[in-house]
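Engineer: The following block contains the structure, expressed as structure tokens.
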Amino acid sequence: MSDKILYSYTGIFDTPDEIIHAAEKTSEHGFKKYDVHTPYPLHGMNQAMKLPPSKLGYVALVVGLSGALAALLTMFWMSAVDYPIIIGGKPFFSFPAYVPVMFEVTVLSASIATVLTMLFVFFKLPNNAHPLHDTVYMKKVSSDKYGISIQAEDEKFDEEEVKKFLAGLGAKEITAVYYDNEEINHKHKILEPKFIGFLLLTAVLTSGVSYFVLNKLLFMPPFDWMMHQEKLNPQTTSTVFADGFGMRKPVDGTIARGHIPYLFHGQPDAAEANLTNPLPISKYSIELGQKKYDTFCSPCHGYYGEGDSRLQGQFPNPPSLHSEKVRNWKDGRLFHVITDGQNIMPSYSSQITTEERWAIVHYIRVLERALNAKESDLK
Amino acid sequence: MSVVDYTQELSVVEGKPALRSLDDLISKPLETKPDKKFFIALSITLSMLGFFVVGLGLTFWYGIGMWGNNNPVGWAFDIVNFVFWVGIGHAGTLISAILFLFRQKWRTGIARFAEGMTIFAVMTALLFPLIHVGRPWLDGWLMPYPNQHGLWVNFTSPLLWDVFAVSTYFIVSLIFWYVGLIPDFATLRERTSTKFKKTTYSLFSLGWRFSNRHWQHYEMVYLILAGFATPLVLSVHTIVSFDFAVSILPGWHTTIFPPYFVAGAVFSGFAMVQNVLIFVRKIFNYEHIITLDTLEKMNKIMLVTGSMVGYAYAMEFFIAWYSGVQPEQFTFLNRAFGPYAWAYWIMVTCNVISPQLFWFKKIRRSIPVMFVVAVFVNVGMWFERFVIVVTSLSRDYLPSSWAYYTPTLVDGMILLGSFGFFFTWILLFTKALPVVSIAEVKAVVDDAQPSHKGH
């Protein structure tokens with residue numbers, strides 16, 4: 001026994017009144033490193049041991065407030081900064097709607113943090129190697145007895161005196177508790193075969209399961225996200241129809257929504273005589289015209305209508321839009337050329353809407369006037 | 001009638017049992033092999049669970065078209081069951097947190113079991129929002145996480161608040177439960193002799209050693225958790241009620257919903273706890289720990305919350321009339337006298353009338369009668385959610401789309417199966433963990449606390 005290191009002397013008491021009395025006397029005697037063990041918390045024990053109030057409330061306060069603030073900032077950043085979406089015409093940052101989530105995050109973070117702090121910081125658990133474990137003393141105080149344990153580390157500790165002191169308090173079964181040499185001397189090796197095996201197994205299982213789930217399982221029915229459905233795709237064959245085509249032609253005489261027939265195909269003169277620009281001249285129509293002209297017309301006609309193509313000979317250069325002839329055309333004729341094409345210029349009616357074509361006409365007039373200004377413009 | 005002495009607190013544990021005998025009694029189910037009755041009960045719940053598995057399998061394979069939901073009743077059994085099971089959970093937190101703050105010592109005998117039921121009920125409830133999305137393997141999208149779409153969840157939606165509220169509720173309940181279990185695991189660790197059990201209990205007790213320097217912080221944490229869980233439990237059913245109240249549907253769009261839902265949740269939760277505890281105290285001989293007085297007090301709470309629910313039903317009608325809004329008035333008349341009148345009157349009979357029997361002391365203290373009443377309450381509270389969800393939806397603003405909702409067989413399988421899921425957990429719980437808190441019950445036995453004579 002002598003080679004063992006003493007941890008403490010323990011004494012057992014039968015009633016709560018006795019243990020309260022014992023705790024009072026022990027703290028009055030000046031012992032600092034002692035502890036009382038009871039199967040359940042006793043009222044008044046903290047005062048008897050003269051323990052300062054628990055500081056865990058501050059942990060809850062600080063973490064809870066941080067949680068609330070973090071939740072608020074996160075939601076603000078997500079819904080007002082990173083990806084703002086209008087929902088029901090409400091402001092991006094709508095504080096009242098954030099209150100429920102803020103509250104939940106506060107409770108969650110504070111509860112988790114307080115419990116973890118208590119267990120792992122305050123108590124330094126898990127600790128199954130404590131010398132008090134696996135003793136008769138622990139068996140008793142875990143059930144129906146009340147015990148006191150005065151540690152050898154205490155400055156006032158003296159083996160004989162503590163024994164007498166405990167006996168004086170009326171303690172029964174005064175026993176010494178020693179450190180377990182095996183537990184003190186046991187060195188945990190990182191490279192233990194069991195540990196390595198455990199790591200390997202975990203790695204194989206995790207990667208195997210992840211691979212299977214992400215690369216195989218999610219592509220099996222019903223997890224394949226409706227990718228494989230019984231439906232007809234364009235340009236696939238079909239057994240339903242006699243001609244074997246999956247794609248169907250519209251019924252004869254079908255007209256696309258918004259389609260207005262053009263009455264002057266191949267009749268430039270009639271178009272010039274009958275069509276007038278319905279679009280009023282405004283900043284909007286000129287800007288729209290410029291945008292559409294730059295997109296569709298400028299590759300061949302050039303940004304300023306001078307016929308300076310950017311296509312470097314891949315397509316014949318058109319004549320200038322500043323010629324006398326074009327300047328004297330009425331709006332309807334210009335519209336007709338865009339709509340119907342002319343010479344090798346194709347029709348743009350499918351790419352450019354009617355309104356946009358009239359806007360382009362306005363813009364061509366702007367370009368022409370810029371180069372051939374009237375006398376009145378120069379004043 | 002015996003004269004009650006009001007100068008002394010009534011003891012919550014009868015007969016001043018020796019502390020050691022409490023250990024023996026509470027850990028007995030864990031130390032003995034399960035008997036035949038246990039296996040019969042387990043086979044029943046597992047069969048019900050089998051229906052659950054089949055019902056869910058059909059749902060996942062063919063899609064939620066297997067359910068009876070269709071326009072205009074887009075929400076039906078799934079949300080009814082969700083609200084029902086979340087409500088069942090509320091009693092546990094009320095007992096463990098709110099009654100703790102009010103220093104109600106009688107809670108100690110039932111707190112552990114009720115908390116366990118909270119956890120299992122919330123687990124059951126959580127399944128329903130997860131399956132009703134149709135593709136439950138994409139449920140991760142409910143959480144805001146950085147993803148390749150660059151999208152975030154909609155923080156202004158009550159359905160998202162629900163995600164946060166119910167998951168927080170589950171985690172906090174689990175923590176609360178585990179913190180309470182730590183000293184009991186330590187007690188069990190000291191009792192057991194087999195190596196496997198000893199290792200397991202050592203692992204879960206984290207090396208707890210009953211030190212008063214620990215108890216001091218432990219009690220503080222318990223207080224803090226109770227302080228957090230109290231507003232939490234009120235917030236959870238409030239937010240669940242927002243799922244309805246924030247919409248514009250007549251019958252849903254009312255400000256009374258949050259308190260009304262919370263009262264209903266506590267009401268049904270207590271009924272379920274009482275039902276199950278009646279069996280537990282009998283089978284495990286806990287009659288002196290879970291006393292008749294305790295059951296009577298629970299019945300009183302049912303009487304109070306039941307009356308609150310009844311008041312809410314009446315107030316809904318009053319407000320519908322007082323508001324002068326025609327669709328609102330129609331909805332409530334339709335509830336009581338429309339095609340779902342049968343469901344409405346089942347609800348009223350079970351929820352409003354049956355708990356009124358608890359005004360009589362004899363009924364409050366008669367176990368068979370209180371059991372039947374509590375079963376009625378559970379049936380009634382399920383129908384309450386059914387009435388709210390289905391009657392309001394089936395006749396909405398647009399009469400041309402009105403339709404009568406009928407559940408399918410798969411709906412029924414999932415409802416039955418959810419009970420199987422819940423009770424399977426309950427049965428396993430009774431054999432795996434102490435169903436009464438050993439440390440807490442010891443603390444309220446007569447003379448267990450110091451008398452502080454001479455102070």
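Identifiers for the structure tokens are assigned positionally: chains receive A, B, ... in sequence, residues are indexed from 1 per chain, and ligands are indexed from 1 in the order shown.
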Sorted by chain and rising residue number, which residues of chain B lie within 7 Å of chain A, and what are their closest atom pairs and distances in Å to one decimal, counting only C-alpha atoms, as a tab-separated table?
Structural biologist:
residue	atom	partner	partner_atom	distance
B:Leu19	CA	A:Asp144	CA	5.3
B:Arg20	CA	A:Asp144	CA	5.7
B:Asp23	CA	A:Ser143	CA	7.0
B:Trp61	CA	A:Pro222	CA	5.8
B:Leu151	CA	A:Tyr83	CA	6.7
B:Trp152	CA	A:Met78	CA	6.4
B:Phe155	CA	A:Tyr98	CA	6.5
B:Thr156	CA	A:Ala97	CA	5.0
B:Trp161	CA	A:Val101	CA	5.9
B:Phe164	CA	A:Val101	CA	6.3
B:Ala165	CA	A:Glu104	CA	5.9
B:Thr168	CA	A:Leu108	CA	5.8
B:Val172	CA	A:Leu108	CA	6.5
B:Thr187	CA	A:Ser142	CA	5.3
B:Glu190	CA	A:Lys139	CA	5.4
B:Ser202	CA	A:Asn128	CA	6.8
B:Leu206	CA	A:Pro126	CA	4.2
B:Gly207	CA	A:Asn128	CA	4.4
B:Phe210	CA	A:His37	CA	5.1
B:Ser211	CA	A:His37	CA	4.5
B:Asn212	CA	A:Val36	CA	5.3
B:Arg213	CA	A:Asp35	CA	6.9
B:His214	CA	A:Phe123	CA	6.8
B:Trp215	CA	A:Pro41	CA	5.8
B:Gln216	CA	A:Asn46	CA	6.9
B:His217	CA	A:Ser54	CA	5.6
B:Met220	CA	A:Ser54	CA	6.8
B:Val221	CA	A:Val115	CA	6.8
B:Leu225	CA	A:Ser111	CA	6.3
B:Phe228	CA	A:Val107	CA	6.1
B:Ala439	CA	A:Tyr40	CA	5.1
B:Glu440	CA	A:Tyr40	CA	6.8
B:Lys442	CA	A:Tyr40	CA	6.9
B:Ala443	CA	A:Tyr40	CA	5.9
B:Ala448	CA	A:Pro16	CA	6.7
B:Gln449	CA	A:Leu42	CA	6.1
B:Pro450	CA	A:Asp17	CA	4.8
B:Ser451	CA	A:Asp17	CA	6.5
B:His452	CA	A:Asp17	CA	6.9
Engineer: Those selected residues, please, written with N, CA and C atoms and delivered as an mmCIF file, in the first residue's frame.
Structural biologist:
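The resulting file, part32.cif, is reproduced below:
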data_model
loop_
_atom_site.group_PDB
_atom_site.id
_atom_site.type_symbol
_atom_site.label_atom_id
_atom_site.label_comp_id
_atom_site.auth_asym_id
_atom_site.auth_seq_id
_atom_site.Cartn_x
_atom_site.Cartn_y
_atom_site.Cartn_z
ATOM 1 N N LEU B 19 -34.146 5.402 0.552
ATOM 2 C CA LEU B 19 -33.571 5.868 -0.713
ATOM 3 C C LEU B 19 -33.062 4.703 -1.546
ATOM 4 N N ARG B 20 -32.467 3.727 -0.851
ATOM 5 C CA ARG B 20 -31.922 2.573 -1.569
ATOM 6 C C ARG B 20 -33.036 1.833 -2.310
ATOM 7 N N ASP B 23 -33.755 3.289 -5.677
ATOM 8 C CA ASP B 23 -32.793 2.815 -6.676
ATOM 9 C C ASP B 23 -33.230 1.475 -7.232
ATOM 10 N N TRP B 61 -42.453 6.040 -53.431
ATOM 11 C CA TRP B 61 -42.296 5.434 -54.758
ATOM 12 C C TRP B 61 -43.213 6.093 -55.775
ATOM 13 N N LEU B 151 -28.753 30.473 -53.643
ATOM 14 C CA LEU B 151 -30.058 30.831 -53.067
ATOM 15 C C LEU B 151 -30.039 30.656 -51.558
ATOM 16 N N TRP B 152 -30.875 31.443 -50.878
ATOM 17 C CA TRP B 152 -31.084 31.239 -49.449
ATOM 18 C C TRP B 152 -32.555 30.970 -49.204
ATOM 19 N N PHE B 155 -36.634 33.826 -45.117
ATOM 20 C CA PHE B 155 -36.731 34.019 -43.671
ATOM 21 C C PHE B 155 -38.011 34.715 -43.246
ATOM 22 N N THR B 156 -38.833 35.134 -44.191
ATOM 23 C CA THR B 156 -40.080 35.800 -43.808
ATOM 24 C C THR B 156 -41.254 34.827 -43.841
ATOM 25 N N TRP B 161 -39.926 29.460 -40.185
ATOM 26 C CA TRP B 161 -39.846 29.625 -38.724
ATOM 27 C C TRP B 161 -40.103 28.285 -38.059
ATOM 28 N N PHE B 164 -37.053 26.122 -37.880
ATOM 29 C CA PHE B 164 -36.156 26.527 -36.801
ATOM 30 C C PHE B 164 -36.777 26.201 -35.442
ATOM 31 N N ALA B 165 -38.073 26.461 -35.298
ATOM 32 C CA ALA B 165 -38.700 26.282 -33.987
ATOM 33 C C ALA B 165 -38.706 24.816 -33.592
ATOM 34 N N THR B 168 -35.127 23.398 -33.054
ATOM 35 C CA THR B 168 -34.581 23.909 -31.791
ATOM 36 C C THR B 168 -35.238 23.219 -30.612
ATOM 37 N N VAL B 172 -33.145 21.193 -27.850
ATOM 38 C CA VAL B 172 -33.120 21.658 -26.461
ATOM 39 C C VAL B 172 -33.775 20.630 -25.540
ATOM 40 N N THR B 187 -25.620 6.668 -11.070
ATOM 41 C CA THR B 187 -26.162 5.746 -10.069
ATOM 42 C C THR B 187 -26.210 4.327 -10.623
ATOM 43 N N GLU B 190 -22.860 2.659 -10.744
ATOM 44 C CA GLU B 190 -22.377 2.129 -9.474
ATOM 45 C C GLU B 190 -23.106 0.849 -9.082
ATOM 46 N N SER B 202 -20.729 4.223 -17.832
ATOM 47 C CA SER B 202 -19.599 5.122 -17.594
ATOM 48 C C SER B 202 -19.496 6.134 -18.724
ATOM 49 N N LEU B 206 -20.382 10.199 -18.085
ATOM 50 C CA LEU B 206 -19.235 11.094 -18.257
ATOM 51 C C LEU B 206 -18.345 11.131 -17.021
ATOM 52 N N GLY B 207 -18.479 10.132 -16.151
ATOM 53 C CA GLY B 207 -17.670 10.140 -14.932
ATOM 54 C C GLY B 207 -18.234 11.072 -13.876
ATOM 55 N N PHE B 210 -21.159 12.962 -8.240
ATOM 56 C CA PHE B 210 -22.070 13.438 -7.192
ATOM 57 C C PHE B 210 -21.449 14.516 -6.315
ATOM 58 N N SER B 211 -20.437 15.177 -6.835
ATOM 59 C CA SER B 211 -19.763 16.205 -6.062
ATOM 60 C C SER B 211 -20.677 17.415 -5.898
ATOM 61 N N ASN B 212 -20.687 17.984 -4.708
ATOM 62 C CA ASN B 212 -21.545 19.147 -4.525
ATOM 63 C C ASN B 212 -21.017 20.358 -5.283
ATOM 64 N N ARG B 213 -19.697 20.373 -5.527
ATOM 65 C CA ARG B 213 -19.172 21.465 -6.346
ATOM 66 C C ARG B 213 -19.722 21.382 -7.761
ATOM 67 N N HIS B 214 -20.133 20.175 -8.164
ATOM 68 C CA HIS B 214 -20.789 20.014 -9.459
ATOM 69 C C HIS B 214 -22.286 20.281 -9.357
ATOM 70 N N TRP B 215 -22.897 19.723 -8.297
ATOM 71 C CA TRP B 215 -24.344 19.926 -8.136
ATOM 72 C C TRP B 215 -24.695 21.403 -8.192
ATOM 73 N N GLN B 216 -23.817 22.219 -7.625
ATOM 74 C CA GLN B 216 -24.100 23.646 -7.567
ATOM 75 C C GLN B 216 -24.306 24.220 -8.967
ATOM 76 N N HIS B 217 -23.367 23.923 -9.879
ATOM 77 C CA HIS B 217 -23.507 24.412 -11.258
ATOM 78 C C HIS B 217 -24.636 23.691 -11.983
ATOM 79 N N MET B 220 -27.823 25.241 -11.360
ATOM 80 C CA MET B 220 -27.906 26.502 -12.095
ATOM 81 C C MET B 220 -28.257 26.240 -13.556
ATOM 82 N N VAL B 221 -27.573 25.234 -14.150
ATOM 83 C CA VAL B 221 -27.862 24.911 -15.546
ATOM 84 C C VAL B 221 -29.306 24.462 -15.703
ATOM 85 N N LEU B 225 -31.792 26.214 -18.207
ATOM 86 C CA LEU B 225 -32.482 25.474 -19.268
ATOM 87 C C LEU B 225 -33.992 25.592 -19.105
ATOM 88 N N PHE B 228 -35.053 28.863 -20.346
ATOM 89 C CA PHE B 228 -35.088 28.951 -21.809
ATOM 90 C C PHE B 228 -36.212 28.114 -22.396
ATOM 91 N N ALA B 439 -32.461 10.770 -9.022
ATOM 92 C CA ALA B 439 -31.920 11.836 -8.176
ATOM 93 C C ALA B 439 -33.013 12.815 -7.760
ATOM 94 N N GLU B 440 -33.892 13.154 -8.703
ATOM 95 C CA GLU B 440 -34.910 14.156 -8.374
ATOM 96 C C GLU B 440 -35.936 13.615 -7.392
ATOM 97 N N LYS B 442 -35.470 11.256 -5.141
ATOM 98 C CA LYS B 442 -34.858 11.155 -3.814
ATOM 99 C C LYS B 442 -34.910 12.502 -3.110
ATOM 100 N N ALA B 443 -34.726 13.560 -3.870
ATOM 101 C CA ALA B 443 -34.649 14.883 -3.259
ATOM 102 C C ALA B 443 -35.977 15.341 -2.677
ATOM 103 N N ALA B 448 -35.629 14.036 3.250
ATOM 104 C CA ALA B 448 -34.432 13.909 2.426
ATOM 105 C C ALA B 448 -33.657 15.214 2.423
ATOM 106 N N GLN B 449 -34.338 16.297 2.758
ATOM 107 C CA GLN B 449 -33.651 17.578 2.778
ATOM 108 C C GLN B 449 -33.326 17.950 4.236
ATOM 109 N N PRO B 450 -32.204 18.619 4.456
ATOM 110 C CA PRO B 450 -31.821 18.978 5.823
ATOM 111 C C PRO B 450 -32.889 19.847 6.475
ATOM 112 N N SER B 451 -33.053 19.658 7.791
ATOM 113 C CA SER B 451 -34.104 20.416 8.468
ATOM 114 C C SER B 451 -33.617 21.804 8.860
ATOM 115 N N HIS B 452 -32.281 22.011 8.832
ATOM 116 C CA HIS B 452 -31.685 23.302 9.203
ATOM 117 C C HIS B 452 -32.117 23.724 10.594
#
Engineer: Need to verify the contact set: Pro34 (chain B), 8 Å, only C-alpha atoms, exclusion of same-chain residues closer than 5 positions in sequence. Can you return it as JSON, numbers by chain?
Structural biologist: {"B": [29, 39, 431]}
Engineer: Keeping only N, CA and C atoms, write the selected residues to a file as a PDB file, in the first residue's frame.
Structural biologist:
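Wrote again23.pdb, looks like this:
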ATOM      1  N   PRO B  29     -36.595  -2.420 -14.033  1.00  0.00           N
ATOM      2  CA  PRO B  29     -36.880  -2.772 -15.436  1.00  0.00           C
ATOM      3  C   PRO B  29     -35.606  -2.884 -16.281  1.00  0.00           C
ATOM      4  N   PHE B  39     -43.211  -8.208 -24.757  1.00  0.00           N
ATOM      5  CA  PHE B  39     -43.050  -8.609 -26.157  1.00  0.00           C
ATOM      6  C   PHE B  39     -44.369  -8.549 -26.906  1.00  0.00           C
ATOM      7  N   LYS B 431     -37.519   0.103 -21.102  1.00  0.00           N
ATOM      8  CA  LYS B 431     -36.579  -0.952 -20.769  1.00  0.00           C
ATOM      9  C   LYS B 431     -35.123  -0.502 -20.880  1.00  0.00           C
TER      10      LYS B 431
END
Engineer: If you measure from CA of Phe330 (chain B) to CA of Pro399 (chain B), what distance in Å do you get, rounded to one decimal?
Structural biologist: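 CA of Phe330 (chain B) sits 11.8 Å away from CA of Pro399 (chain B).
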Engineer: Which residues come within 9 Å of Ala229 (chain B), counting only C-alpha atoms, excluding same-chain residues fewer than 3 positions away, as a PyMOL selection string?
Structural biologist: (chain A and resi 107+111) or (chain B and resi 93-94+96-98+169+172-173+176+224-226+232-234)
Engineer: Keeping N, CA and C atoms, export the residues of the selection given above as a compact mmCIF listing (two decimals), in the first residue's frame.
Structural biologist:
# COMPACT_ATOMS: atom_id res chain seq x y z
N VAL A 107 -32.08 30.78 -28.09
CA VAL A 107 -32.31 29.68 -27.15
C VAL A 107 -31.37 28.51 -27.44
N SER A 111 -28.46 27.41 -24.86
CA SER A 111 -28.63 26.13 -24.16
C SER A 111 -27.44 25.22 -24.41
N THR B 93 -42.40 19.36 -21.78
CA THR B 93 -41.63 20.55 -21.47
C THR B 93 -42.33 21.38 -20.42
N LEU B 94 -43.67 21.39 -20.47
CA LEU B 94 -44.40 22.13 -19.46
C LEU B 94 -44.10 21.56 -18.08
N SER B 96 -41.47 19.63 -17.21
CA SER B 96 -40.08 19.69 -16.78
C SER B 96 -39.59 21.12 -16.61
N ALA B 97 -40.11 22.08 -17.37
CA ALA B 97 -39.58 23.44 -17.27
C ALA B 97 -40.50 24.38 -16.49
N ILE B 98 -41.75 24.49 -16.94
CA ILE B 98 -42.61 25.51 -16.34
C ILE B 98 -42.94 25.13 -14.90
N TYR B 169 -36.55 23.08 -30.71
CA TYR B 169 -37.30 22.45 -29.64
C TYR B 169 -36.80 21.03 -29.40
N VAL B 172 -33.14 21.19 -27.85
CA VAL B 172 -33.12 21.66 -26.46
C VAL B 172 -33.77 20.63 -25.54
N SER B 173 -34.86 19.99 -26.01
CA SER B 173 -35.49 18.96 -25.18
C SER B 173 -34.52 17.81 -24.94
N PHE B 176 -31.92 18.88 -22.42
CA PHE B 176 -32.55 18.94 -21.11
C PHE B 176 -32.68 17.53 -20.52
N ILE B 224 -31.36 27.49 -15.76
CA ILE B 224 -31.22 28.24 -17.01
C ILE B 224 -31.97 27.54 -18.13
N LEU B 225 -31.79 26.21 -18.21
CA LEU B 225 -32.48 25.47 -19.27
C LEU B 225 -33.99 25.59 -19.10
N ALA B 226 -34.46 25.50 -17.86
CA ALA B 226 -35.90 25.64 -17.64
C ALA B 226 -36.35 27.03 -18.05
N LEU B 232 -39.53 28.86 -24.93
CA LEU B 232 -39.37 28.07 -26.16
C LEU B 232 -40.63 27.27 -26.44
N VAL B 233 -41.15 26.60 -25.40
CA VAL B 233 -42.30 25.73 -25.64
C VAL B 233 -43.51 26.57 -26.04
N LEU B 234 -43.61 27.79 -25.47
CA LEU B 234 -44.71 28.65 -25.90
C LEU B 234 -44.50 29.11 -27.33
Engineer: Could you tell me how far CA of Leu223 (chain B) sits from CA of Tyr58 (chain A), in Å to one decimal place?
Structural biologist: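 Computed distance, CA of Tyr58 (chain A) to CA of Leu223 (chain B), equals 13.2 Å.
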Engineer: Neighbouring residues of region 41-50 of chain B were defined as those with any atom within 8 Å, considering only C-alpha atoms; residues of the same chain fewer than 2 positions away were excluded. Please report them as a short mmCIF file (atom, residue, chain, number, x, y, z; two decimals) with N, CA and C atoms, in the first residue's frame.
Structural biologist:
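Output file out21.cif is given in full below:
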data_model
loop_
_atom_site.label_atom_id
_atom_site.label_comp_id
_atom_site.auth_asym_id
_atom_site.auth_seq_id
_atom_site.Cartn_x
_atom_site.Cartn_y
_atom_site.Cartn_z
N LYS B 37 -45.45 -9.94 -21.56
CA LYS B 37 -46.34 -8.81 -21.84
C LYS B 37 -45.62 -7.74 -22.66
N PHE B 38 -44.34 -7.55 -22.31
CA PHE B 38 -43.57 -6.55 -23.04
C PHE B 38 -43.48 -6.92 -24.51
N PHE B 39 -43.21 -8.21 -24.76
CA PHE B 39 -43.05 -8.61 -26.16
C PHE B 39 -44.37 -8.55 -26.91
N PHE B 52 -46.66 1.91 -41.14
CA PHE B 52 -45.99 3.19 -41.39
C PHE B 52 -44.99 3.04 -42.52
N VAL B 53 -44.17 1.98 -42.41
CA VAL B 53 -43.12 1.76 -43.41
C VAL B 53 -43.74 1.54 -44.78
N VAL B 54 -44.80 0.72 -44.83
CA VAL B 54 -45.44 0.45 -46.13
C VAL B 54 -46.06 1.73 -46.68
N LEU B 416 -51.98 5.63 -38.46
CA LEU B 416 -51.85 4.51 -37.53
C LEU B 416 -50.37 4.24 -37.25
N GLY B 417 -49.59 4.29 -38.31
CA GLY B 417 -48.16 4.00 -38.17
C GLY B 417 -47.44 5.00 -37.30
N SER B 418 -47.90 6.26 -37.30
CA SER B 418 -47.21 7.25 -36.47
C SER B 418 -47.39 6.89 -35.00
N PHE B 419 -48.55 6.32 -34.66
CA PHE B 419 -48.73 5.85 -33.28
C PHE B 419 -47.80 4.68 -33.00
N GLY B 420 -47.64 3.80 -34.00
CA GLY B 420 -46.72 2.68 -33.82
C GLY B 420 -45.31 3.17 -33.59
N PHE B 421 -44.89 4.16 -34.36
CA PHE B 421 -43.55 4.73 -34.23
C PHE B 421 -43.35 5.29 -32.83
N PHE B 423 -45.10 4.73 -29.99
CA PHE B 423 -45.18 3.79 -28.87
C PHE B 423 -44.05 2.77 -28.89
N THR B 424 -43.47 2.50 -30.06
CA THR B 424 -42.29 1.64 -30.08
C THR B 424 -41.15 2.30 -29.31
N LEU B 427 -41.89 2.09 -25.58
CA LEU B 427 -41.64 0.76 -25.01
C LEU B 427 -40.14 0.53 -24.83
#
Engineer: Which residue gives the smallest distance to Gly74 (chain B) among B:Leu393, B:Ile171, B:Leu10, B:Val441, with only C-alpha atoms counted?
Structural biologist: B:Leu393
Engineer: For Lys283 (chain A), which of A:Lys163, A:Lys325, A:His362, A:Lys4 is the closest residue, counting only C-alpha atoms?
Structural biologist: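 When distances to Lys283 (chain A) are compared using only C-alpha atoms, the smallest one comes from A:His362.
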Engineer: Set the distance at 10 Å and use only C-alpha atoms: which residues neighbour region 377-389 of chain B once local chain neighbours fewer than 5 positions away are removed? I'd like the list as number ranges by chain.
Structural biologist: B: 73-77, 79-85, 87-88, 244, 251-252, 261, 264-265, 267-272, 275, 302, 306, 309, 313, 335-336, 340-355, 371-372, 394
Engineer: I'd like the contact shell of region 176-187 of chain A - 7 Å cut-off, only C-alpha atoms, skipping same-chain residues fewer than 5 positions apart - returned as a list in words.
Structural biologist: Lys4, Ile5, Leu6, Tyr7, Ser8, Tyr9, Thr10, Ala129, Pro131 and Leu132 of chain A
Engineer: If we count only C-alpha atoms and set the cut-off at 7 Å, which residues sit around Pro158 (chain B), ignoring sequence neighbours fewer than 2 positions away in its own chain? Please answer as a CSV table (one decimal) with C-alpha atoms, in the first residue's frame.
Structural biologist:
chain,number,residue,atom,x,y,z
B,156,THR,CA,-40.1,35.8,-43.8
B,160,LEU,CA,-39.3,28.4,-42.3
B,161,TRP,CA,-39.8,29.6,-38.7
B,162,ASP,CA,-41.4,26.2,-38.1
B,239,ILE,CA,-45.1,29.5,-34.6
B,242,PHE,CA,-48.5,31.1,-37.6
B,243,ASP,CA,-48.5,28.5,-40.4
